[in-house]
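For reference, the structure is listed below as C-alpha cells.
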Amino acid sequence: MKKKKRNHNLSKYDAPLRIQFERGFNAFRGKQYIKSVGKKGAKIISTESPYNSNTMQHREWQRGYNSAYYKNLEKVKREQTRGRSKEIHAVSQ
C-alpha cells in the first residue's frame, strides 16, 4: 500500500474551518484600511488576514473575503443595470 504524499508546509491541524471563512467574509464588510500608493496618490483598500500565509486557516479566510467581494460585485452590477433601465424607459416615454 502506497502512502499519500503530504504537503509538509501544512500541519494536520490546518483543517478548513467555517470560522475562518466567516471572519474573512465579515472582514470585507467591516473596517477596511485605505492606503495611498505612488506619487499620484492612488488609493487601495488593504485588509490583511490574521493567519500565517501558508496555512489552511489563511486560505479559508481568503476564500471568505473573496466570496464577500464577488457577492458585493454582483449587487453593484445589478443596481447599475436597474438604474440604466429606469433612465432608458423614462426618456422613451
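Here's how to read the names in the C-alpha cells: chain A, B, ... by the order shown, residue numbers from 1 in each chain, ligand numbers from 1 in the order shown.
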### Query
If you run DSSP on this backbone, which residues of range 15-92 of chain A come out as strand (DSSP E), and could you give them as an NGL selection string?
:A and (33-37 or 42-46)
Can I get the selected residues back with C-alpha atoms, as a PDB file, in the first residue's frame?
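The resulting again14.pdb:
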```pdb
ATOM      1  CA  TYR A  33      -7.819  50.329   5.657  1.00  0.00           C
ATOM      2  CA  ILE A  34      -7.382  52.706   2.732  1.00  0.00           C
ATOM      3  CA  LYS A  35      -3.775  53.424   1.744  1.00  0.00           C
ATOM      4  CA  SER A  36      -2.427  55.989  -0.700  1.00  0.00           C
ATOM      5  CA  VAL A  37       0.092  54.471  -3.089  1.00  0.00           C
ATOM      6  CA  ALA A  42      -3.908  56.159  -5.945  1.00  0.00           C
ATOM      7  CA  LYS A  43      -5.954  54.651  -3.137  1.00  0.00           C
ATOM      8  CA  ILE A  44      -6.188  50.944  -2.417  1.00  0.00           C
ATOM      9  CA  ILE A  45      -8.172  49.015   0.162  1.00  0.00           C
ATOM     10  CA  SER A  46      -5.933  46.952   2.399  1.00  0.00           C
TER      11      SER A  46
END
```
### Task
Could you tell me which of A:Ile19, A:Ala27, A:Arg78, A:Tyr69 comes closest to Glu48 in chain A if we count only C-alpha atoms?
A:Ala27
### Task
Check the smallest atom-to-atom distance from each of A:Tyr65, A:Thr55, A:Arg82, A:Lys77 to Phe28 in chain A using only C-alpha atoms, then report the winner.
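Closest to Phe28 in chain A, using only C-alpha atoms: A:Tyr65.
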### 8 Å contact set for Trp61 in chain A, only C-alpha atoms, chain neighbours under 4 positions out, as a list in words
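So, after excluding close chain neighbours, the residues are Gln20, Phe21, Glu22, Arg23, Gly24, Phe25, Ser49, Gln57 and Tyr65 of chain A.
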### Query
Between CA of Ala68 in chain A and CA of Gly41 in chain A, what is the distance, to one decimal in Å?
26.4 Å
